[in-house]
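Q: For reference, the structure I am asking about is given below.
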Amino acid sequence: MFEILTTDQMYEADRRTIEGGLAGDVLMDNAGRVVFEEIIRHWSPRSVSVLCGPGNNGGDGFVIARLLRDAGWSVRLGLMGDVVSLKGDAALHAARWDGAVERLSPALVVGADLLVDCIFGAGLAREITGEIAELITTINSSMASVVSVDVPSGVDGNSGAIWGCGVKADLTVTFCRAKPGHYLLPGRLMCGELAIRDIGISDQTISEMRPNCWRNDPVLWRAGIHWPGLDGHKYHRGHLLAFGGASMTGATRLVARAARRSGVGLLTIVSDPVALPVYASDTPGNMTAPIGQVESLLNDCRHNAFVIGPGYGLGDDTRSLVLKLLHLCRSTVLDADALTSFADDPSTLCFAIQGPTVLTPHEGEFSRLFPDITGDKLTRARAAAKRSGATVLIKGADTVIAAPDGRAAISAADAPWLATAGSGDVLAGIIGGLMAQGMEMFDASCMAVWLHARSGTDIGPGLIAEDIPEHLPGILRELWLASRKKG
Ligand SMILES: NC(=O)C1=CN([C@@H]2O[C@H](COP(=O)(O)OP(=O)(O)OC[C@H]3O[C@@H](n4cnc5c(N)ncnc54)[C@H](OP(=O)(O)O)[C@@H]3O)[C@@H](O)[C@H]2O)[C@@H](O)CC1
Ligand SMILES: [K+]
């Protein structure tokens, strides 16, 4: 259930399922039935208006109306357009509804305690205007609870963008698998609670779609974790070099703390000599080295991973050090100043990326590096990953991680507490720490985002960035115990 399918992939899965022998009207019946089940699970009987559009999303509405009425609910149904214009399975289920079919209008909203939004689903592909836009405004300002079928009407299933206006739902029931728009902002904010329900499309049919986008979950990457063996040695767990700024020392201290809590064997902060006492006194387990020794440090291939950017400073020195690191093709995380330093010359950066590299921009850093790449976050992350050859992680409430080969994961975490100073530095440190331990770049990025988000939800209000590394051992322990059970 962790795969995320585009609307086209869902249509194709639908088509193949029907081809495989499950009739389309049965599939629609199943769809309506799971929405009905979710409704009666969430609400006691009350007056409900089912708002149907002209396509199959509206067809689902006829099934839901019938099942609710058969269960004794008081149901009104409104349709956009004429019943005679309905086609296929929607027409078939409309014929099975023997109640009144009203004109779709705000009058249906008045007096209803529950609204079922079946206006548009996967077939929405243009701006909503006129009467339907007005109806959506009425829905959103009413006191009634709202259930959206498949996606909140107005939300683009692929991008999460809103076509002019969109229904704000309390519950969205979607079928088979989620779509990107359920997790990407602003779509996610419109969905309310999301229920993903089976309607009879097999897992095999889904795998035939070759999905390459997932909700970020341990299932994706837990097999790629490098847990230390009993005979392990600290050098088996990697030696990360974290490059620290001369004045903004807090950022790299957070990177270091997070990397060490993620399990890295050794960590050295490399910086201007002026800041070394600060770094050295931060934590006894940190090692430090002056930037003047960088050549000899890099000649030692036991230093197998680098994090550079947080608090490091902008400019030529940063640029040339980043290029020197990338030339070595070791695991490298570039964040903050290491990214912005290439704002005037992003192609040099992309050209230099040959080894396992993770870029962790926030939206501002992303648009400075890839100003010509537009679209939703998933599309942009994938395009930037393909162009640069790096794993690209665009931070935010809907963090997207994309690998150069097109694989992508979207974070579905609910952790607004992470929007605080230093939180991104911690994330870069965790990724660097996991890569130093040998984890593949996409897996390490996904795992770091998950650990970070889990810390955010666990700690909650009052969270400061310093709390996150301290929270990691408990979560890692859970993952470790789970891995032993499986083994
Ligand atoms: N796939 C599955 O597994 C299953 C899918 N199922 C269900 O099917 C749904 C998809 O159905 P769908 O393809 O008929 O599209 P849908 O969203 O109903 O809208 C199309 C209609 O809206 C119209 N229209 C569009 N935009 C408009 C606008 N801005 N303003 C005005 N009109 C606009 C458009 O008009 P047209 O563009 O043709 O002029 C067309 O008439 C899916 O979401 C799910 O609920 C389940 O039943 C079974 C399993
Ligand atoms: K809908």
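We label chains A, B, ... in the order they appear in the structure tokens, count residues from 1 in each chain, and number ligands from 1 in the order shown.
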Quick one: contact table of chain A to ligand 2, 9 Å max, nearest atom pair and distance in Å to one decimal per residue, counting only C-alpha atoms and all ligand atoms, chain and number order, as JSON lines?
A:
{"residue": "A:Leu51", "atom": "CA", "partner": "ligand 2", "partner_atom_place_in_ligand_line": "1 (K)", "distance": 8.9}
{"residue": "A:Cys52", "atom": "CA", "partner": "ligand 2", "partner_atom_place_in_ligand_line": "1 (K)", "distance": 8.5}
{"residue": "A:Gly53", "atom": "CA", "partner": "ligand 2", "partner_atom_place_in_ligand_line": "1 (K)", "distance": 8.4}
{"residue": "A:Asn57", "atom": "CA", "partner": "ligand 2", "partner_atom_place_in_ligand_line": "1 (K)", "distance": 6.3}
{"residue": "A:Gly58", "atom": "CA", "partner": "ligand 2", "partner_atom_place_in_ligand_line": "1 (K)", "distance": 8.1}
{"residue": "A:Val116", "atom": "CA", "partner": "ligand 2", "partner_atom_place_in_ligand_line": "1 (K)", "distance": 8.2}
{"residue": "A:Asp117", "atom": "CA", "partner": "ligand 2", "partner_atom_place_in_ligand_line": "1 (K)", "distance": 5.0}
{"residue": "A:Cys118", "atom": "CA", "partner": "ligand 2", "partner_atom_place_in_ligand_line": "1 (K)", "distance": 4.1}
{"residue": "A:Ile119", "atom": "CA", "partner": "ligand 2", "partner_atom_place_in_ligand_line": "1 (K)", "distance": 5.1}
{"residue": "A:Phe120", "atom": "CA", "partner": "ligand 2", "partner_atom_place_in_ligand_line": "1 (K)", "distance": 4.6}
{"residue": "A:Gly121", "atom": "CA", "partner": "ligand 2", "partner_atom_place_in_ligand_line": "1 (K)", "distance": 4.6}
{"residue": "A:Ala122", "atom": "CA", "partner": "ligand 2", "partner_atom_place_in_ligand_line": "1 (K)", "distance": 8.2}
{"residue": "A:Val147", "atom": "CA", "partner": "ligand 2", "partner_atom_place_in_ligand_line": "1 (K)", "distance": 8.4}
{"residue": "A:Ser148", "atom": "CA", "partner": "ligand 2", "partner_atom_place_in_ligand_line": "1 (K)", "distance": 4.9}
{"residue": "A:Val149", "atom": "CA", "partner": "ligand 2", "partner_atom_place_in_ligand_line": "1 (K)", "distance": 4.4}
{"residue": "A:Asp150", "atom": "CA", "partner": "ligand 2", "partner_atom_place_in_ligand_line": "1 (K)", "distance": 5.6}
{"residue": "A:Val151", "atom": "CA", "partner": "ligand 2", "partner_atom_place_in_ligand_line": "1 (K)", "distance": 4.8}
{"residue": "A:Pro152", "atom": "CA", "partner": "ligand 2", "partner_atom_place_in_ligand_line": "1 (K)", "distance": 4.5}
{"residue": "A:Ser153", "atom": "CA", "partner": "ligand 2", "partner_atom_place_in_ligand_line": "1 (K)", "distance": 4.1}
{"residue": "A:Gly154", "atom": "CA", "partner": "ligand 2", "partner_atom_place_in_ligand_line": "1 (K)", "distance": 7.7}
{"residue": "A:Val155", "atom": "CA", "partner": "ligand 2", "partner_atom_place_in_ligand_line": "1 (K)", "distance": 8.4}
{"residue": "A:Val167", "atom": "CA", "partner": "ligand 2", "partner_atom_place_in_ligand_line": "1 (K)", "distance": 8.1}
{"residue": "A:Thr172", "atom": "CA", "partner": "ligand 2", "partner_atom_place_in_ligand_line": "1 (K)", "distance": 8.3}
Q: Dump N, CA and C atoms for the selected residues as an mmCIF file, in the first residue's frame?
A:
data_model
loop_
_atom_site.group_PDB
_atom_site.id
_atom_site.type_symbol
_atom_site.label_atom_id
_atom_site.label_comp_id
_atom_site.auth_asym_id
_atom_site.auth_seq_id
_atom_site.Cartn_x
_atom_site.Cartn_y
_atom_site.Cartn_z
ATOM 1 N N LEU A 51 -23.102 14.991 -3.724
ATOM 2 C CA LEU A 51 -22.928 15.970 -4.799
ATOM 3 C C LEU A 51 -22.154 15.322 -5.936
ATOM 4 N N CYS A 52 -22.843 15.078 -7.061
ATOM 5 C CA CYS A 52 -22.250 14.281 -8.136
ATOM 6 C C CYS A 52 -21.880 15.131 -9.346
ATOM 7 N N GLY A 53 -20.701 14.856 -9.873
ATOM 8 C CA GLY A 53 -20.263 15.466 -11.121
ATOM 9 C C GLY A 53 -20.651 14.599 -12.310
ATOM 10 N N ASN A 57 -16.551 9.831 -11.095
ATOM 11 C CA ASN A 57 -16.553 10.242 -9.695
ATOM 12 C C ASN A 57 -18.006 10.438 -9.259
ATOM 13 N N GLY A 58 -18.788 11.049 -10.121
ATOM 14 C CA GLY A 58 -20.226 11.190 -9.870
ATOM 15 C C GLY A 58 -20.900 9.828 -9.813
ATOM 16 N N VAL A 116 -21.194 14.628 0.656
ATOM 17 C CA VAL A 116 -20.312 13.672 -0.008
ATOM 18 C C VAL A 116 -19.911 14.284 -1.340
ATOM 19 N N ASP A 117 -18.646 14.570 -1.462
ATOM 20 C CA ASP A 117 -18.132 15.303 -2.622
ATOM 21 C C ASP A 117 -17.668 14.334 -3.702
ATOM 22 N N CYS A 118 -18.527 14.160 -4.698
ATOM 23 C CA CYS A 118 -18.200 13.305 -5.852
ATOM 24 C C CYS A 118 -18.285 14.155 -7.112
ATOM 25 N N ILE A 119 -17.823 15.394 -7.034
ATOM 26 C CA ILE A 119 -17.963 16.287 -8.189
ATOM 27 C C ILE A 119 -16.901 15.944 -9.243
ATOM 28 N N PHE A 120 -15.638 16.048 -8.853
ATOM 29 C CA PHE A 120 -14.559 15.663 -9.772
ATOM 30 C C PHE A 120 -13.549 14.793 -9.042
ATOM 31 N N GLY A 121 -13.007 13.842 -9.778
ATOM 32 C CA GLY A 121 -11.953 12.986 -9.229
ATOM 33 C C GLY A 121 -10.732 13.068 -10.118
ATOM 34 N N ALA A 122 -10.327 11.896 -10.582
ATOM 35 C CA ALA A 122 -9.092 11.824 -11.375
ATOM 36 C C ALA A 122 -9.211 12.522 -12.723
ATOM 37 N N VAL A 147 -16.997 14.537 3.131
ATOM 38 C CA VAL A 147 -16.223 13.375 2.685
ATOM 39 C C VAL A 147 -15.961 13.547 1.204
ATOM 40 N N SER A 148 -14.704 13.502 0.814
ATOM 41 C CA SER A 148 -14.399 13.576 -0.614
ATOM 42 C C SER A 148 -14.104 12.190 -1.146
ATOM 43 N N VAL A 149 -14.581 11.944 -2.343
ATOM 44 C CA VAL A 149 -14.402 10.640 -2.968
ATOM 45 C C VAL A 149 -13.234 10.726 -3.958
ATOM 46 N N ASP A 150 -12.273 9.881 -3.726
ATOM 47 C CA ASP A 150 -11.017 9.785 -4.488
ATOM 48 C C ASP A 150 -10.080 10.949 -4.194
ATOM 49 N N VAL A 151 -10.426 12.146 -4.618
ATOM 50 C CA VAL A 151 -9.665 13.343 -4.217
ATOM 51 C C VAL A 151 -10.679 14.448 -3.922
ATOM 52 N N PRO A 152 -10.325 15.405 -3.086
ATOM 53 C CA PRO A 152 -11.230 16.544 -2.922
ATOM 54 C C PRO A 152 -11.384 17.231 -4.283
ATOM 55 N N SER A 153 -12.598 17.488 -4.675
ATOM 56 C CA SER A 153 -12.824 18.101 -5.995
ATOM 57 C C SER A 153 -12.069 19.419 -6.085
ATOM 58 N N GLY A 154 -11.329 19.563 -7.159
ATOM 59 C CA GLY A 154 -10.500 20.756 -7.332
ATOM 60 C C GLY A 154 -9.024 20.461 -7.154
ATOM 61 N N VAL A 155 -8.709 19.360 -6.463
ATOM 62 C CA VAL A 155 -7.306 18.996 -6.250
ATOM 63 C C VAL A 155 -6.834 18.120 -7.408
ATOM 64 N N VAL A 167 -12.426 21.656 -2.725
ATOM 65 C CA VAL A 167 -13.209 21.282 -1.542
ATOM 66 C C VAL A 167 -12.248 20.987 -0.386
ATOM 67 N N THR A 172 -11.007 11.942 3.162
ATOM 68 C CA THR A 172 -10.948 11.594 1.736
ATOM 69 C C THR A 172 -10.769 10.087 1.647
#
Q: For Ala381 (chain A), work out the shell of residues within 8 Å, counting only C-alpha atoms and skipping chain neighbours fewer than 3 positions away, then give it as number ranges by chain.
A: A: 377-378, 384-385, 392-394, 400-402
Q: Just list as a ChimeraX atom specification whatever in region 202-383 of chain A DSSP marks as alpha helix (DSSP H).
A: /A:203-208,218-221,249-261,276-282,294-299,316-327,336-340,346-352,363-369,377-383
Q: As number ranges by chain, which residues of region 261-411 of chain A does DSSP assign to strand (DSSP E)?
A: A: 266-271, 287-290, 305-308, 331-334, 357-359, 391-394, 400-402, 408-410
Q: Only N, CA and C atoms, please: the residues just picked out, written as a JSON list (two decimals), in the first residue's frame.
A:
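Contents of the output file selection.json:
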[["chain", "number", "residue", "atom", "x", "y", "z"],
["A", 266, "LEU", "N", 33.22, 7.27, 13.30],
["A", 266, "LEU", "CA", 34.07, 8.40, 13.70],
["A", 266, "LEU", "C", 33.63, 9.65, 12.96],
["A", 267, "LEU", "N", 33.87, 10.77, 13.61],
["A", 267, "LEU", "CA", 33.48, 12.02, 13.00],
["A", 267, "LEU", "C", 34.53, 13.09, 13.27],
["A", 268, "THR", "N", 34.97, 13.73, 12.23],
["A", 268, "THR", "CA", 35.92, 14.83, 12.39],
["A", 268, "THR", "C", 35.32, 16.11, 11.81],
["A", 269, "ILE", "N", 35.35, 17.16, 12.62],
["A", 269, "ILE", "CA", 34.93, 18.47, 12.12],
["A", 269, "ILE", "C", 36.19, 19.18, 11.61],
["A", 270, "VAL", "N", 36.12, 19.58, 10.37],
["A", 270, "VAL", "CA", 37.27, 20.25, 9.73],
["A", 270, "VAL", "C", 36.89, 21.72, 9.58],
["A", 271, "SER", "N", 37.71, 22.61, 10.12],
["A", 271, "SER", "CA", 37.32, 24.02, 10.01],
["A", 271, "SER", "C", 38.53, 24.95, 10.08],
["A", 287, "MET", "N", 36.10, 14.65, 16.84],
["A", 287, "MET", "CA", 37.49, 14.98, 16.54],
["A", 287, "MET", "C", 37.48, 16.26, 15.71],
["A", 288, "THR", "N", 38.60, 16.95, 15.70],
["A", 288, "THR", "CA", 38.68, 18.18, 14.90],
["A", 288, "THR", "C", 39.99, 18.21, 14.13],
["A", 289, "ALA", "N", 39.98, 18.95, 13.06],
["A", 289, "ALA", "CA", 41.19, 19.14, 12.27],
["A", 289, "ALA", "C", 41.12, 20.47, 11.57],
["A", 290, "PRO", "N", 42.26, 21.15, 11.43],
["A", 290, "PRO", "CA", 42.25, 22.45, 10.73],
["A", 290, "PRO", "C", 42.09, 22.25, 9.23],
["A", 305, "ALA", "N", 33.00, 9.82, 3.86],
["A", 305, "ALA", "CA", 31.79, 10.61, 3.60],
["A", 305, "ALA", "C", 32.00, 12.05, 4.09],
["A", 306, "PHE", "N", 31.30, 12.95, 3.43],
["A", 306, "PHE", "CA", 31.45, 14.37, 3.74],
["A", 306, "PHE", "C", 30.08, 15.04, 3.86],
["A", 307, "VAL", "N", 30.01, 15.99, 4.79],
["A", 307, "VAL", "CA", 28.85, 16.90, 4.81],
["A", 307, "VAL", "C", 29.41, 18.31, 4.77],
["A", 308, "ILE", "N", 28.92, 19.07, 3.83],
["A", 308, "ILE", "CA", 29.38, 20.46, 3.75],
["A", 308, "ILE", "C", 28.21, 21.38, 3.41],
["A", 331, "SER", "N", 30.84, 9.45, -0.66],
["A", 331, "SER", "CA", 29.48, 9.89, -0.26],
["A", 331, "SER", "C", 29.53, 11.34, 0.21],
["A", 332, "THR", "N", 28.70, 12.17, -0.40],
["A", 332, "THR", "CA", 28.77, 13.61, -0.10],
["A", 332, "THR", "C", 27.36, 14.18, 0.04],
["A", 333, "VAL", "N", 27.18, 14.94, 1.11],
["A", 333, "VAL", "CA", 25.91, 15.65, 1.30],
["A", 333, "VAL", "C", 26.18, 17.14, 1.15],
["A", 334, "LEU", "N", 25.48, 17.77, 0.24],
["A", 334, "LEU", "CA", 25.63, 19.21, 0.03],
["A", 334, "LEU", "C", 24.34, 19.90, 0.48],
["A", 357, "THR", "N", 25.90, 11.36, -4.21],
["A", 357, "THR", "CA", 25.77, 12.74, -3.71],
["A", 357, "THR", "C", 24.32, 13.03, -3.40],
["A", 358, "VAL", "N", 24.09, 13.70, -2.31],
["A", 358, "VAL", "CA", 22.73, 14.11, -1.95],
["A", 358, "VAL", "C", 22.69, 15.63, -1.82],
["A", 359, "LEU", "N", 21.74, 16.23, -2.50],
["A", 359, "LEU", "CA", 21.51, 17.68, -2.37],
["A", 359, "LEU", "C", 20.25, 17.86, -1.53],
["A", 391, "THR", "N", 20.97, 12.46, -5.66],
["A", 391, "THR", "CA", 19.65, 12.34, -5.04],
["A", 391, "THR", "C", 19.28, 13.73, -4.56],
["A", 392, "VAL", "N", 18.08, 14.16, -4.92],
["A", 392, "VAL", "CA", 17.65, 15.51, -4.55],
["A", 392, "VAL", "C", 16.50, 15.41, -3.57],
["A", 393, "LEU", "N", 16.68, 16.11, -2.49],
["A", 393, "LEU", "CA", 15.69, 16.08, -1.40],
["A", 393, "LEU", "C", 15.21, 17.51, -1.21],
["A", 394, "ILE", "N", 13.97, 17.77, -1.57],
["A", 394, "ILE", "CA", 13.43, 19.13, -1.38],
["A", 394, "ILE", "C", 12.66, 19.14, -0.06],
["A", 400, "VAL", "N", 10.12, 15.77, -0.53],
["A", 400, "VAL", "CA", 10.23, 14.79, -1.62],
["A", 400, "VAL", "C", 11.69, 14.41, -1.79],
["A", 401, "ILE", "N", 11.94, 13.13, -1.96],
["A", 401, "ILE", "CA", 13.29, 12.62, -2.21],
["A", 401, "ILE", "C", 13.25, 11.95, -3.57],
["A", 402, "ALA", "N", 14.15, 12.35, -4.47],
["A", 402, "ALA", "CA", 14.15, 11.74, -5.82],
["A", 402, "ALA", "C", 15.56, 11.29, -6.18],
["A", 408, "ALA", "N", 11.20, 7.90, -6.43],
["A", 408, "ALA", "CA", 10.91, 9.05, -5.56],
["A", 408, "ALA", "C", 10.08, 8.61, -4.37],
["A", 409, "ALA", "N", 10.24, 9.34, -3.29],
["A", 409, "ALA", "CA", 9.42, 9.09, -2.09],
["A", 409, "ALA", "C", 8.91, 10.43, -1.58],
["A", 410, "ILE", "N", 7.70, 10.39, -1.04],
["A", 410, "ILE", "CA", 7.11, 11.61, -0.48],
["A", 410, "ILE", "C", 6.85, 11.36, 1.00]]
Q: From the options A:Asp217, A:Asp376, A:Asp60, A:Asp8, which residue's atoms come nearest to ligand 1, counting only C-alpha atoms and all ligand atoms?
A: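 Distance minimum relative to ligand 1 lands on A:Asp60.
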Q: Tell me, as a PyMOL selection string, which residues lie within 10 Å of region 10-12 of chain A, counting only C-alpha atoms; anything in the same chain fewer than 3 positions away does not count.
A: chain A and resi 4-7+15-18+122-123+175-179+201+205-206+208-209
Q: Mind giving me the straight-line distance from CA of Val50 (chain A) to CA of Gly78 (chain A) in Å, one decimal?
A: 6.3 Å
Q: Which residue is closest to Gly20 (chain A)? Choose from A:Gly438, A:Gly422, A:Gly200, A:Gly433 and count only C-alpha atoms.
A: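 Under the stated criterion, the closest residue is A:Gly200.
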Q: Might you pull out every residue within 10 Å of region 342-351 of chain A, with only C-alpha atoms counted and same-chain residues fewer than 3 positions away left off, and present them as a list in words?
A: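 In the requested form, the answer reads Leu314, Gly315, Asp316, Thr318, Arg319, Val322, Leu323, Leu326, Asp337, Ala338, Leu339, Gln354, Glu365, Phe366, Ser367, Arg368, Leu369, Phe370, Pro371, Ala384, Ala385, Lys386, Arg387, Ser388, Gly389 and Ala390 of chain A.
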Q: For those residues, write N, CA and C atoms to a file as a PDB file, in the first residue's frame.
A:
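Below is the file that was written, out-v7.pdb:
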ATOM      1  N   LEU A 314      29.467  31.407   2.128  1.00  0.00           N
ATOM      2  CA  LEU A 314      29.324  31.383   0.663  1.00  0.00           C
ATOM      3  C   LEU A 314      30.611  31.843  -0.010  1.00  0.00           C
ATOM      4  N   GLY A 315      30.801  31.418  -1.230  1.00  0.00           N
ATOM      5  CA  GLY A 315      31.884  32.022  -2.015  1.00  0.00           C
ATOM      6  C   GLY A 315      32.798  31.037  -2.696  1.00  0.00           C
ATOM      7  N   ASP A 316      33.913  31.598  -3.220  1.00  0.00           N
ATOM      8  CA  ASP A 316      34.847  30.819  -4.034  1.00  0.00           C
ATOM      9  C   ASP A 316      35.474  29.663  -3.258  1.00  0.00           C
ATOM     10  N   THR A 318      34.294  27.988  -0.774  1.00  0.00           N
ATOM     11  CA  THR A 318      33.299  26.918  -0.604  1.00  0.00           C
ATOM     12  C   THR A 318      33.164  26.150  -1.909  1.00  0.00           C
ATOM     13  N   ARG A 319      33.055  26.919  -2.996  1.00  0.00           N
ATOM     14  CA  ARG A 319      32.893  26.281  -4.311  1.00  0.00           C
ATOM     15  C   ARG A 319      34.058  25.345  -4.616  1.00  0.00           C
ATOM     16  N   VAL A 322      33.996  22.212  -2.437  1.00  0.00           N
ATOM     17  CA  VAL A 322      32.934  21.282  -2.859  1.00  0.00           C
ATOM     18  C   VAL A 322      33.385  20.507  -4.104  1.00  0.00           C
ATOM     19  N   LEU A 323      33.970  21.199  -5.054  1.00  0.00           N
ATOM     20  CA  LEU A 323      34.402  20.522  -6.294  1.00  0.00           C
ATOM     21  C   LEU A 323      35.502  19.504  -6.001  1.00  0.00           C
ATOM     22  N   LEU A 326      33.758  16.497  -4.474  1.00  0.00           N
ATOM     23  CA  LEU A 326      32.985  15.728  -5.468  1.00  0.00           C
ATOM     24  C   LEU A 326      33.907  14.924  -6.379  1.00  0.00           C
ATOM     25  N   ASP A 337      24.881  26.521   2.271  1.00  0.00           N
ATOM     26  CA  ASP A 337      25.848  27.368   1.562  1.00  0.00           C
ATOM     27  C   ASP A 337      26.580  26.611   0.453  1.00  0.00           C
ATOM     28  N   ALA A 338      26.716  25.311   0.599  1.00  0.00           N
ATOM     29  CA  ALA A 338      27.380  24.534  -0.458  1.00  0.00           C
ATOM     30  C   ALA A 338      26.528  24.533  -1.723  1.00  0.00           C
ATOM     31  N   LEU A 339      25.240  24.682  -1.583  1.00  0.00           N
ATOM     32  CA  LEU A 339      24.349  24.746  -2.744  1.00  0.00           C
ATOM     33  C   LEU A 339      24.291  26.172  -3.275  1.00  0.00           C
ATOM     34  N   GLN A 354      29.639  13.001  -9.666  1.00  0.00           N
ATOM     35  CA  GLN A 354      29.857  11.691 -10.299  1.00  0.00           C
ATOM     36  C   GLN A 354      29.586  10.561  -9.313  1.00  0.00           C
ATOM     37  N   GLU A 365      16.630  27.509  -1.906  1.00  0.00           N
ATOM     38  CA  GLU A 365      17.901  27.018  -2.449  1.00  0.00           C
ATOM     39  C   GLU A 365      17.667  26.284  -3.769  1.00  0.00           C
ATOM     40  N   PHE A 366      16.564  25.540  -3.813  1.00  0.00           N
ATOM     41  CA  PHE A 366      16.262  24.808  -5.050  1.00  0.00           C
ATOM     42  C   PHE A 366      16.086  25.774  -6.216  1.00  0.00           C
ATOM     43  N   SER A 367      15.301  26.821  -6.002  1.00  0.00           N
ATOM     44  CA  SER A 367      15.031  27.705  -7.146  1.00  0.00           C
ATOM     45  C   SER A 367      16.266  28.514  -7.520  1.00  0.00           C
ATOM     46  N   ARG A 368      17.187  28.700  -6.591  1.00  0.00           N
ATOM     47  CA  ARG A 368      18.440  29.361  -6.977  1.00  0.00           C
ATOM     48  C   ARG A 368      19.289  28.449  -7.865  1.00  0.00           C
ATOM     49  N   LEU A 369      19.258  27.144  -7.569  1.00  0.00           N
ATOM     50  CA  LEU A 369      20.098  26.202  -8.328  1.00  0.00           C
ATOM     51  C   LEU A 369      19.463  25.750  -9.642  1.00  0.00           C
ATOM     52  N   PHE A 370      18.146  25.609  -9.602  1.00  0.00           N
ATOM     53  CA  PHE A 370      17.441  25.071 -10.777  1.00  0.00           C
ATOM     54  C   PHE A 370      16.300  26.004 -11.168  1.00  0.00           C
ATOM     55  N   PRO A 371      16.629  27.263 -11.514  1.00  0.00           N
ATOM     56  CA  PRO A 371      15.551  28.247 -11.737  1.00  0.00           C
ATOM     57  C   PRO A 371      14.620  27.870 -12.882  1.00  0.00           C
ATOM     58  N   ALA A 384      15.503  17.579 -11.241  1.00  0.00           N
ATOM     59  CA  ALA A 384      16.810  18.023 -10.721  1.00  0.00           C
ATOM     60  C   ALA A 384      17.730  16.831 -10.460  1.00  0.00           C
ATOM     61  N   ALA A 385      17.150  15.731 -10.005  1.00  0.00           N
ATOM     62  CA  ALA A 385      17.959  14.532  -9.749  1.00  0.00           C
ATOM     63  C   ALA A 385      18.506  13.983 -11.064  1.00  0.00           C
ATOM     64  N   LYS A 386      17.662  13.988 -12.071  1.00  0.00           N
ATOM     65  CA  LYS A 386      18.085  13.476 -13.380  1.00  0.00           C
ATOM     66  C   LYS A 386      19.195  14.357 -13.958  1.00  0.00           C
ATOM     67  N   ARG A 387      18.997  15.662 -13.832  1.00  0.00           N
ATOM     68  CA  ARG A 387      19.991  16.576 -14.402  1.00  0.00           C
ATOM     69  C   ARG A 387      21.320  16.498 -13.657  1.00  0.00           C
ATOM     70  N   SER A 388      21.252  16.437 -12.330  1.00  0.00           N
ATOM     71  CA  SER A 388      22.491  16.540 -11.542  1.00  0.00           C
ATOM     72  C   SER A 388      23.171  15.190 -11.322  1.00  0.00           C
ATOM     73  N   GLY A 389      22.405  14.117 -11.382  1.00  0.00           N
ATOM     74  CA  GLY A 389      22.974  12.806 -11.038  1.00  0.00           C
ATOM     75  C   GLY A 389      23.023  12.580  -9.537  1.00  0.00           C
ATOM     76  N   ALA A 390      22.485  13.523  -8.775  1.00  0.00           N
ATOM     77  CA  ALA A 390      22.445  13.388  -7.319  1.00  0.00           C
ATOM     78  C   ALA A 390      21.053  12.954  -6.875  1.00  0.00           C
TER      79      ALA A 390
END
Q: Out of A:Leu276, A:Ala90, A:Ile39, A:Ile128, which residue has the shortest atom-to-atom distance to ligand 1 when counting only C-alpha atoms and all ligand atoms?
A: A:Ile128
Q: May I ask which of the residues A:Ile459, A:Ile430, A:Ala133, A:Leu124 is the closest one to Pro416 (chain A), counting only C-alpha atoms?
A: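 Using only C-alpha atoms, the shortest distance to Pro416 (chain A) belongs to A:Ile459.
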Q: Applying 7 Å and only C-alpha atoms, which residues near Asp156 (chain A) remain after dropping the ones on its own chain fewer than 4 positions away? List them as a ChimeraX atom specification.
A: /A:124,160-163,181
Q: Could you build a table of the residues in region 414-465 of chain A lying no more than 12 Å from region 223-245 of chain A, giving for each the nearest pair of atoms and their separation in Å rounded to one decimal place, using only C-alpha atoms, ordered by chain and ascending residue number, as a Markdown table?
A:
| residue | atom | partner | partner_atom | distance |
| --- | --- | --- | --- | --- |
| A:Asp425 | CA | A:Ala242 | CA | 11.0 |
| A:Val426 | CA | A:Ala242 | CA | 11.9 |
| A:Ala428 | CA | A:Ala242 | CA | 10.1 |
| A:Gly429 | CA | A:Ala242 | CA | 8.3 |
| A:Ile430 | CA | A:Leu240 | CA | 10.9 |
| A:Ile431 | CA | A:Leu240 | CA | 10.7 |
| A:Gly432 | CA | A:Leu240 | CA | 7.1 |
| A:Gly433 | CA | A:Leu240 | CA | 6.8 |
| A:Leu434 | CA | A:Ile225 | CA | 8.1 |
| A:Met435 | CA | A:Gly238 | CA | 8.3 |
| A:Ala436 | CA | A:Gly238 | CA | 4.6 |
| A:Gln437 | CA | A:Arg237 | CA | 4.7 |
| A:Gly438 | CA | A:His226 | CA | 6.5 |
| A:Met439 | CA | A:Ile225 | CA | 6.1 |
| A:Glu440 | CA | A:Gly224 | CA | 7.2 |
| A:Met441 | CA | A:Gly224 | CA | 10.2 |
| A:Phe442 | CA | A:Gly224 | CA | 10.1 |
| A:Asp443 | CA | A:Gly224 | CA | 6.8 |
| A:Ala444 | CA | A:Ile225 | CA | 8.1 |
| A:Ser445 | CA | A:Gly224 | CA | 11.5 |
| A:Cys446 | CA | A:Gly224 | CA | 10.9 |
| A:Met447 | CA | A:Ile225 | CA | 8.7 |
| A:Ala448 | CA | A:Ile225 | CA | 11.2 |
